[in-house]
file my_file.tsv (TSV, C-alpha atoms)
chain	number	residue	atom	x	y	z
A	27	MET	CA	111.85	67.87	80.50
A	28	SER	CA	108.80	69.73	81.69
A	29	SER	CA	106.61	66.86	80.53
A	30	ARG	CA	108.68	64.48	82.64
A	31	ARG	CA	108.19	66.76	85.62
A	32	SER	CA	104.45	66.97	85.13
A	33	ARG	CA	104.22	63.22	84.62
A	34	SER	CA	106.04	62.55	87.85
A	35	ARG	CA	103.80	65.06	89.61
A	36	GLN	CA	100.77	63.24	88.29
A	37	SER	CA	101.98	59.84	89.42
A	38	SER	CA	102.91	61.18	92.87
A	39	SER	CA	99.50	62.79	93.27
A	40	SER	CA	97.76	59.51	92.49
A	41	ARG	CA	99.69	58.03	95.44
A	42	ILE	CA	98.09	60.53	97.79
A	43	THR	CA	95.63	58.57	99.88
A	44	ASP	CA	92.11	59.43	100.91
A	45	GLU	CA	93.42	59.41	104.48
A	46	GLN	CA	95.76	62.25	103.69
A	47	ILE	CA	92.93	64.27	102.23
A	48	ILE	CA	90.73	63.55	105.25
A	49	ASP	CA	93.59	64.55	107.55
A	50	LEU	CA	94.16	67.82	105.71
A	51	MET	CA	90.43	68.50	105.70
A	52	SER	CA	90.21	68.09	109.45
A	53	LYS	CA	93.20	70.40	109.92
A	54	LEU	CA	91.38	72.96	107.79
A	55	GLN	CA	88.23	72.47	109.80
A	56	ALA	CA	90.27	73.16	112.93
A	57	VAL	CA	91.17	76.69	111.86
A	58	LEU	CA	87.59	77.57	111.03
A	59	PRO	CA	85.64	79.17	113.87
A	60	GLU	CA	83.21	77.01	115.81
A	61	ALA	CA	80.27	79.14	114.71
A	62	ARG	CA	80.80	78.05	111.14
A	63	LEU	CA	81.41	74.36	111.55
A	64	ALA	CA	81.28	72.26	114.69
A	65	ARG	CA	84.77	70.85	114.86
A	66	ASN	CA	83.91	67.30	115.71
A	67	ASP	CA	81.26	66.84	113.08
A	68	ARG	CA	82.08	64.87	110.00
A	69	VAL	CA	81.10	67.18	107.19
A	70	SER	CA	81.50	66.84	103.47
A	71	ALA	CA	84.62	68.15	101.79
A	72	ALA	CA	82.48	70.50	99.74
A	73	ARG	CA	81.00	71.99	102.88
A	74	VAL	CA	84.42	72.51	104.46
A	75	LEU	CA	85.68	74.21	101.31
A	76	GLN	CA	82.59	76.37	101.11
A	77	GLU	CA	82.93	77.53	104.72
A	78	THR	CA	86.65	78.07	104.20
A	79	CYS	CA	86.05	80.34	101.20
A	80	SER	CA	83.39	82.22	103.11
A	81	HIS	CA	85.66	82.61	106.13
A	82	ILE	CA	88.58	83.90	104.04
A	83	ARG	CA	86.29	86.45	102.41
A	84	SER	CA	85.08	87.68	105.79
A	85	LEU	CA	88.67	87.98	107.04
A	86	HIS	CA	89.56	90.01	103.94
A	87	ARG	CA	86.60	92.26	104.67
A	88	GLU	CA	87.77	92.71	108.25
A	89	VAL	CA	91.23	93.74	107.07
A	90	ASP	CA	89.54	96.30	104.81
A	91	ASP	CA	87.30	97.65	107.57
A	92	LEU	CA	90.09	97.86	110.13
A	93	GLY	CA	92.31	99.50	107.53
A	94	GLU	CA	89.65	102.12	106.98
A	95	ARG	CA	89.35	102.74	110.75
A	96	LEU	CA	93.11	103.08	111.00
A	97	SER	CA	93.10	105.48	108.08
A	98	GLU	CA	90.67	107.72	109.93
A	99	LEU	CA	92.64	107.44	113.15
A	100	LEU	CA	95.97	108.24	111.54
A	101	ALA	CA	94.59	111.53	110.33
A	102	THR	CA	93.53	112.61	113.78
A	103	THR	CA	95.79	110.92	116.31
A	104	ASP	CA	99.51	110.75	116.61
A	105	ILE	CA	100.28	107.08	116.75
A	106	SER	CA	103.90	107.30	117.85
A	107	SER	CA	102.77	107.57	121.46
A	108	ALA	CA	100.33	104.73	120.97
A	109	GLN	CA	103.06	102.67	119.39
A	110	ALA	CA	104.86	102.28	122.69
A	111	ALA	CA	101.66	100.98	124.25
A	112	VAL	CA	101.05	98.55	121.40
A	113	ILE	CA	104.60	97.27	121.45
A	114	ARG	CA	104.45	96.80	125.19
A	115	SER	CA	101.19	94.92	124.98
A	116	LEU	CA	102.56	92.75	122.22
A	117	LEU	CA	105.75	91.85	124.03
A	118	MET	CA	104.33	91.15	127.47
B	281	MET	CA	78.62	84.06	120.74
B	282	GLU	CA	82.05	82.96	119.67
B	283	SER	CA	83.39	85.89	117.71
B	284	LYS	CA	85.86	83.99	115.57
B	285	SER	CA	88.89	81.80	115.87
B	286	LEU	CA	90.58	84.95	117.15
B	287	SER	CA	89.29	84.31	120.61
B	288	ARG	CA	91.91	81.59	120.82
B	289	ASP	CA	94.60	84.19	120.16
B	290	CYS	CA	93.44	86.39	123.02
B	291	ASN	CA	95.24	84.13	125.43
B	292	ASN	CA	98.42	84.62	123.48
B	293	PRO	CA	99.53	88.22	123.99
B	294	ASN	CA	102.45	87.91	121.64
B	295	PRO	CA	101.09	86.53	118.40
B	296	ASP	CA	103.74	87.57	115.93
B	297	PRO	CA	106.38	90.19	116.72
B	298	LYS	CA	107.76	90.28	113.18
B	299	MET	CA	104.36	91.03	111.80
B	300	ALA	CA	103.71	93.70	114.43
B	301	PHE	CA	107.04	95.39	113.89
B	302	HIS	CA	106.62	95.58	110.14
B	303	PHE	CA	103.05	96.81	110.35
B	304	LEU	CA	103.68	99.47	113.00
B	305	ARG	CA	106.72	100.79	111.19
B	306	ALA	CA	104.68	101.06	108.00
B	307	LEU	CA	101.88	102.88	109.85
B	308	LEU	CA	104.37	105.38	111.21
B	309	HIS	CA	105.67	106.10	107.71
B	310	ILE	CA	102.13	106.49	106.44
B	311	GLN	CA	101.26	108.90	109.21
B	312	GLN	CA	104.36	110.99	108.65
B	313	SER	CA	103.19	111.63	105.12
B	314	ALA	CA	99.55	112.00	106.18
B	315	ALA	CA	99.50	115.70	105.35
B	316	THR	CA	100.21	115.00	101.70
B	317	THR	CA	98.09	111.89	101.15
B	318	SER	CA	94.36	111.66	100.63
B	319	PHE	CA	92.11	109.44	102.72
B	320	THR	CA	91.90	106.96	99.86
B	321	GLY	CA	95.66	106.96	99.40
B	322	ARG	CA	96.18	106.35	103.09
B	323	ARG	CA	93.63	103.57	103.14
B	324	ARG	CA	95.29	101.89	100.18
B	325	ARG	CA	98.72	102.12	101.80
B	326	ILE	CA	97.45	100.75	105.11
B	327	LYS	CA	95.81	97.82	103.36
B	328	ARG	CA	99.03	97.15	101.48
B	329	ALA	CA	100.99	97.37	104.74
B	330	ALA	CA	98.65	94.81	106.31
B	331	TYR	CA	99.18	92.24	103.56
B	332	ALA	CA	102.89	93.03	103.36
B	333	SER	CA	103.43	92.45	107.08
B	334	MET	CA	101.52	89.18	106.77
B	335	ALA	CA	103.59	88.07	103.82
B	336	TYR	CA	106.96	89.09	105.29
B	337	SER	CA	106.28	87.42	108.62
B	338	SER	CA	106.03	84.07	106.84
B	339	GLY	CA	108.59	85.11	104.26
B	340	ALA	CA	109.86	82.44	101.91
B	341	ARG	CA	108.65	79.59	104.11
B	342	ARG	CA	105.20	79.37	102.59
B	343	ALA	CA	104.01	79.24	99.01
B	344	TRP	CA	101.15	81.67	99.70
B	345	SER	CA	103.50	84.25	101.29
B	346	ARG	CA	105.96	83.96	98.40
B	347	ALA	CA	103.10	84.48	95.95
B	348	LEU	CA	101.79	87.43	97.97
B	349	ILE	CA	105.22	89.10	98.09
B	350	HIS	CA	105.47	88.66	94.33
B	351	THR	CA	102.00	90.15	93.81
B	352	LEU	CA	102.77	93.15	96.03
B	353	ARG	CA	106.00	93.86	94.18
B	354	ARG	CA	104.28	93.60	90.82
B	355	ARG	CA	101.55	95.98	91.97
B	356	ARG	CA	104.10	98.48	93.20
B	357	GLN	CA	105.98	98.34	89.88
B	358	ARG	CA	102.75	98.85	88.00
B	359	GLN	CA	101.88	101.84	90.18
B	360	GLN	CA	105.26	103.42	89.68
B	361	ARG	CA	105.04	102.91	85.94
B	362	ALA	CA	101.51	104.33	85.86
B	363	ARG	CA	102.71	107.53	87.50
B	364	THR	CA	105.23	108.21	84.75
B	365	ALA	CA	103.50	106.65	81.76
B	366	VAL	CA	101.11	108.26	79.32
B	367	ALA	CA	97.52	107.12	79.61
B	368	LEU	CA	96.84	104.54	76.92
B	369	PRO	CA	93.40	103.57	75.65
B	370	ARG	CA	92.08	100.66	77.74
B	371	ARG	CA	91.46	97.22	76.36
B	372	ILE	CA	87.78	96.59	75.69
B	373	ARG	CA	86.42	94.34	78.40
B	374	VAL	CA	84.15	91.47	77.46
B	375	ALA	CA	81.08	91.01	79.64
B	376	ARG	CA	81.33	88.06	82.00
B	377	PRO	CA	78.82	85.23	81.56
B	378	PRO	CA	76.13	85.15	84.27
B	379	ARG	CA	77.24	83.31	87.41
B	380	ARG	CA	75.97	79.79	87.64
B	381	GLU	CA	75.60	77.85	90.87
B	382	VAL	CA	78.94	76.70	92.10
B	383	ALA	CA	79.11	72.93	92.06
B	384	ALA	CA	80.87	71.09	94.88
B	385	ALA	CA	83.80	70.22	92.65
B	386	ASP	CA	84.29	73.89	91.81
B	387	GLN	CA	84.74	74.93	95.43
B	388	ALA	CA	88.41	74.09	95.21
B	389	GLN	CA	88.61	76.39	92.21
B	390	VAL	CA	86.96	79.20	94.18
B	391	LEU	CA	89.41	78.62	97.00
B	392	ARG	CA	92.36	78.76	94.63
B	393	LYS	CA	91.42	82.30	93.70
B	394	LEU	CA	91.20	83.38	97.33
B	395	VAL	CA	94.55	82.03	98.50
B	396	PRO	CA	97.66	83.75	97.08
B	397	GLY	CA	99.38	81.44	94.64
B	398	GLY	CA	96.47	79.03	94.85
B	399	THR	CA	95.97	78.62	91.13
B	400	GLY	CA	99.36	76.97	90.80
B	401	MET	CA	98.89	74.56	93.68
B	402	GLU	CA	98.15	70.91	93.71
B	403	TYR	CA	95.11	69.94	95.80
B	404	CYS	CA	96.80	68.75	98.99
B	405	MET	CA	99.18	71.68	99.00
B	406	LEU	CA	96.21	74.01	98.55
B	407	LEU	CA	94.56	72.62	101.67
B	408	GLU	CA	97.72	72.93	103.73
B	409	GLU	CA	98.54	76.43	102.51
B	410	THR	CA	94.95	77.55	103.10
B	411	ALA	CA	95.04	76.54	106.76
B	412	ASP	CA	98.24	78.49	107.30
B	413	TYR	CA	96.93	81.48	105.34
B	414	ILE	CA	93.79	81.61	107.48
B	415	ARG	CA	95.84	81.43	110.69
B	416	CYS	CA	98.03	84.27	109.47
B	417	LEU	CA	95.07	86.39	108.36
B	418	ALA	CA	93.47	85.94	111.78
B	419	THR	CA	96.70	87.04	113.46
B	420	GLN	CA	96.89	90.12	111.23
B	421	VAL	CA	93.28	91.01	112.04
B	422	GLN	CA	93.99	90.64	115.75
B	423	LEU	CA	97.07	92.85	115.39
B	424	MET	CA	95.08	95.55	113.62
B	425	ARG	CA	92.39	95.39	116.29
B	426	ASN	CA	95.06	95.82	118.98
B	427	VAL	CA	96.45	98.85	117.19
B	428	VAL	CA	93.00	100.41	116.80
B	429	ASP	CA	92.27	99.81	120.48
B	430	SER	CA	95.59	101.25	121.61
B	431	VAL	CA	95.22	104.34	119.45
B	432	THR	CA	91.64	105.03	120.50
B	433	ASN	CA	92.51	104.56	124.16
B	434	SER	CA	95.72	106.53	124.15
call {"tool": "encode", "arguments": {"input": "my_file.tsv", "output": "C-alpha cells"}}
result
Amino acid sequence: MSSRRSRSRQSSSSRITDEQIIDLMSKLQAVLPEARLARNDRVSAARVLQETCSHIRSLHREVDDLGERLSELLATTDISSAQAAVIRSLLM
Amino acid sequence: MESKSLSRDCNNPNPDPKMAFHFLRALLHIQQSAATTSFTGRRRRIKRAAYASMAYSSGARRAWSRALIHTLRRRRQRQQRARTAVALPRRIRVARPPRREVAAADQAQVLRKLVPGGTGMEYCMLLEETADYIRCLATQVQLMRNVVDSVTNS
C-alpha cells in the first residue's frame, strides 16, 4: 500500500509543470528583501534558493540576538507594565 | 538602506495578535521565575517561546508549523527525561567529512534542513512552505523588536 502511495506521488509530481515551479520561485523571491535580490530580475533557481537559505539563517540569528537582549531585560525590568504598552501598540 | 522585508510590516501595526499573546504570556511566566533561573536558562526559554509562538500562530494549517510543534514537544520530553535520568555514556561521534562546495542542485537539500519538516517535503511544497515560514519568522522578529523597544522605553 505504501508503494502505491509513493508511486502515485511520483506520477503526480511529474505532472507539475515548469510554470508552477517558476510561479513558486517568484513567490519565494517576493518574500526575500530587496537588498538580497531585486524582485523583478529573472534569476536562476539556484540563486533564489541560495539567498533564501542565507535569509533564513540571518532571521534565525536575529531571533537568537533579540532573545538574548530580552533575557537581559527580563532580569532588570519588570515587563508587566511594558506589556500593556506592547499590547496597545499591537492592537491599534 | 532597506533593512529587511520587515519594513513592509511597519505599516501594519497589528501583525499577528495570536503570536503576540502567546509570546508575551510566555515572557511573563519566564520573568516570574527569573529569580530561580540562570541567564542561559532564561535565554533558552525565551528562544523556545519565540519558536512556539510562531508555530502556534499557524497551528495545524501549515506543514512547517506542525513539524515545529512536534519538534518542540519532543525537545521538552527529552529535557524532562534528562532531568530524572541517570547520565549514560555518550555515543562516540564520527568526524564529519570536510565540507565540499554546495552544488546548485544541493541548495534544495540545504533549504530542507532549514525549514521545519523540510526533509519530508516534495519540492513544490518545500517552496510554498518556505515562503510562509519566512513571512512568519519576519513577523516574529518584528514582534520581538517591538517588545524590546517597549521594555527599554517604559
call {"tool": "interface_residues", "arguments": {"input": "my_file.tsv", "of": "chain A", "to": "chain B", "cutoff": "9 Å", "atoms": "only C-alpha atoms", "output": "ChimeraX atom specification"}}
result
/A:39,42,46-47,50-51,53-62,71-73,75-76,78-79,81-83,85-86,88-90,92-101,103-109,111-113,115-118
call {"tool": "closest_residue", "arguments": {"input": "my_file.tsv", "among": "B:Arg370, B:His350, B:Arg356, B:Arg376", "to": "Gly397 in chain B", "atoms": "all atoms listed in the file"}}
result
B:His350
call {"tool": "axis_aligned_box", "arguments": {"input": "my_file.tsv", "around": "range 83-95 of chain A", "padding_each_side": "5 Å", "output": "JSON"}}
result
{"center_x": 88.7, "center_y": 94.6, "center_z": 106.6, "size_x": 17.2, "size_y": 26.3, "size_z": 18.3}
call {"tool": "closest_residue", "arguments": {"input": "my_file.tsv", "among": "B:Thr419, B:Thr364, B:Ala332, B:Ser337", "to": "Ile349 in chain B", "atoms": "all atoms listed in the file"}}
result
B:Ala332
call {"tool": "atom_distance", "arguments": {"input": "my_file.tsv", "atom1": "CA of Gln360 in chain B", "atom2": "CA of Leu348 in chain B"}}
result
18.3 Å
call {"tool": "atom_distance", "arguments": {"input": "my_file.tsv", "atom1": "CA of Arg346 in chain B", "atom2": "CA of Gln359 in chain B"}}
result
20.1 Å
call {"tool": "decode", "arguments": {"input": "my_file.tsv", "residues": "range 325-339 of chain B", "atoms": "all heavy atoms", "output": "JSON list (two decimals), in the first residue's frame"}}
result
[["chain", "number", "residue", "atom", "x", "y", "z"],
["B", 325, "ARG", "N", 14.71, 29.56, 27.32],
["B", 325, "ARG", "CA", 13.26, 29.55, 27.40],
["B", 325, "ARG", "C", 12.64, 30.63, 26.51],
["B", 325, "ARG", "O", 11.57, 30.43, 25.92],
["B", 325, "ARG", "CB", 12.83, 29.75, 28.85],
["B", 325, "ARG", "CG", 13.11, 28.53, 29.71],
["B", 325, "ARG", "CD", 12.81, 28.78, 31.16],
["B", 325, "ARG", "NE", 11.39, 28.88, 31.40],
["B", 325, "ARG", "CZ", 10.86, 29.15, 32.60],
["B", 325, "ARG", "NH1", 11.63, 29.36, 33.63],
["B", 325, "ARG", "NH2", 9.55, 29.24, 32.74],
["B", 326, "ILE", "N", 13.32, 31.77, 26.41],
["B", 326, "ILE", "CA", 12.80, 32.83, 25.54],
["B", 326, "ILE", "C", 12.86, 32.39, 24.08],
["B", 326, "ILE", "O", 11.93, 32.61, 23.31],
["B", 326, "ILE", "CB", 13.59, 34.14, 25.75],
["B", 326, "ILE", "CG1", 13.28, 34.72, 27.13],
["B", 326, "ILE", "CG2", 13.27, 35.16, 24.66],
["B", 326, "ILE", "CD1", 14.12, 35.92, 27.50],
["B", 327, "LYS", "N", 13.96, 31.75, 23.72],
["B", 327, "LYS", "CA", 14.10, 31.29, 22.34],
["B", 327, "LYS", "C", 13.02, 30.26, 22.03],
["B", 327, "LYS", "O", 12.39, 30.30, 20.96],
["B", 327, "LYS", "CB", 15.50, 30.68, 22.16],
["B", 327, "LYS", "CG", 15.85, 30.39, 20.73],
["B", 327, "LYS", "CD", 17.31, 29.96, 20.60],
["B", 327, "LYS", "CE", 17.52, 29.30, 19.25],
["B", 327, "LYS", "NZ", 18.88, 28.77, 19.10],
["B", 328, "ARG", "N", 12.77, 29.38, 22.99],
["B", 328, "ARG", "CA", 11.74, 28.38, 22.79],
["B", 328, "ARG", "C", 10.37, 29.05, 22.65],
["B", 328, "ARG", "O", 9.56, 28.68, 21.82],
["B", 328, "ARG", "CB", 11.73, 27.40, 23.98],
["B", 328, "ARG", "CG", 10.79, 26.26, 23.77],
["B", 328, "ARG", "CD", 10.42, 25.52, 25.04],
["B", 328, "ARG", "NE", 9.18, 24.82, 24.87],
["B", 328, "ARG", "CZ", 9.07, 23.60, 24.34],
["B", 328, "ARG", "NH1", 10.16, 22.97, 23.94],
["B", 328, "ARG", "NH2", 7.89, 23.04, 24.20],
["B", 329, "ALA", "N", 10.14, 30.06, 23.50],
["B", 329, "ALA", "CA", 8.86, 30.78, 23.45],
["B", 329, "ALA", "C", 8.67, 31.45, 22.09],
["B", 329, "ALA", "O", 7.55, 31.51, 21.56],
["B", 329, "ALA", "CB", 8.81, 31.83, 24.56],
["B", 330, "ALA", "N", 9.77, 31.96, 21.52],
["B", 330, "ALA", "CA", 9.67, 32.62, 20.22],
["B", 330, "ALA", "C", 9.21, 31.63, 19.15],
["B", 330, "ALA", "O", 8.27, 31.89, 18.39],
["B", 330, "ALA", "CB", 11.02, 33.23, 19.84],
["B", 331, "TYR", "N", 9.88, 30.47, 19.10],
["B", 331, "TYR", "CA", 9.51, 29.49, 18.07],
["B", 331, "TYR", "C", 8.15, 28.88, 18.36],
["B", 331, "TYR", "O", 7.40, 28.54, 17.44],
["B", 331, "TYR", "CB", 10.61, 28.42, 17.94],
["B", 331, "TYR", "CG", 11.81, 28.94, 17.20],
["B", 331, "TYR", "CD1", 12.98, 29.29, 17.88],
["B", 331, "TYR", "CD2", 11.76, 29.13, 15.82],
["B", 331, "TYR", "CE1", 14.06, 29.81, 17.18],
["B", 331, "TYR", "CE2", 12.84, 29.64, 15.13],
["B", 331, "TYR", "CZ", 13.98, 29.98, 15.81],
["B", 331, "TYR", "OH", 15.06, 30.50, 15.14],
["B", 332, "ALA", "N", 7.80, 28.75, 19.65],
["B", 332, "ALA", "CA", 6.50, 28.19, 19.98],
["B", 332, "ALA", "C", 5.37, 29.14, 19.55],
["B", 332, "ALA", "O", 4.37, 28.71, 18.97],
["B", 332, "ALA", "CB", 6.41, 27.93, 21.49],
["B", 333, "SER", "N", 5.56, 30.44, 19.80],
["B", 333, "SER", "CA", 4.50, 31.38, 19.43],
["B", 333, "SER", "C", 4.36, 31.44, 17.91],
["B", 333, "SER", "O", 3.26, 31.59, 17.38],
["B", 333, "SER", "CB", 4.74, 32.77, 20.02],
["B", 333, "SER", "OG", 5.93, 33.33, 19.52],
["B", 334, "MET", "N", 5.48, 31.28, 17.20],
["B", 334, "MET", "CA", 5.42, 31.22, 15.74],
["B", 334, "MET", "C", 4.62, 30.01, 15.30],
["B", 334, "MET", "O", 3.72, 30.10, 14.47],
["B", 334, "MET", "CB", 6.84, 31.03, 15.17],
["B", 334, "MET", "CG", 7.57, 32.25, 14.80],
["B", 334, "MET", "SD", 9.14, 31.76, 14.09],
["B", 334, "MET", "CE", 8.60, 31.00, 12.58],
["B", 335, "ALA", "N", 4.97, 28.86, 15.89],
["B", 335, "ALA", "CA", 4.35, 27.61, 15.47],
["B", 335, "ALA", "C", 2.85, 27.61, 15.80],
["B", 335, "ALA", "O", 2.03, 27.21, 14.98],
["B", 335, "ALA", "CB", 5.04, 26.43, 16.15],
["B", 336, "TYR", "N", 2.50, 28.07, 17.01],
["B", 336, "TYR", "CA", 1.09, 28.01, 17.41],
["B", 336, "TYR", "C", 0.23, 29.02, 16.68],
["B", 336, "TYR", "O", -0.96, 28.83, 16.52],
["B", 336, "TYR", "CB", 0.96, 28.17, 18.93],
["B", 336, "TYR", "CG", 1.42, 26.94, 19.68],
["B", 336, "TYR", "CD1", 2.45, 27.02, 20.60],
["B", 336, "TYR", "CD2", 0.84, 25.70, 19.44],
["B", 336, "TYR", "CE1", 2.89, 25.89, 21.27],
["B", 336, "TYR", "CE2", 1.28, 24.57, 20.10],
["B", 336, "TYR", "CZ", 2.31, 24.67, 21.02],
["B", 336, "TYR", "OH", 2.75, 23.56, 21.68],
["B", 337, "SER", "N", 0.84, 30.10, 16.19],
["B", 337, "SER", "CA", 0.03, 31.07, 15.45],
["B", 337, "SER", "C", -0.41, 30.49, 14.11],
["B", 337, "SER", "O", -1.49, 30.81, 13.62],
["B", 337, "SER", "CB", 0.81, 32.38, 15.26],
["B", 337, "SER", "OG", 1.75, 32.24, 14.23],
["B", 338, "SER", "N", 0.42, 29.65, 13.51],
["B", 338, "SER", "CA", -0.01, 28.97, 12.29],
["B", 338, "SER", "C", -0.71, 27.66, 12.59],
["B", 338, "SER", "O", -1.51, 27.19, 11.80],
["B", 338, "SER", "CB", 1.19, 28.71, 11.38],
["B", 338, "SER", "OG", 1.66, 29.91, 10.82],
["B", 339, "GLY", "N", -0.36, 27.08, 13.74],
["B", 339, "GLY", "CA", -1.06, 25.89, 14.19],
["B", 339, "GLY", "C", -0.94, 24.71, 13.25],
["B", 339, "GLY", "O", 0.12, 24.40, 12.76]]
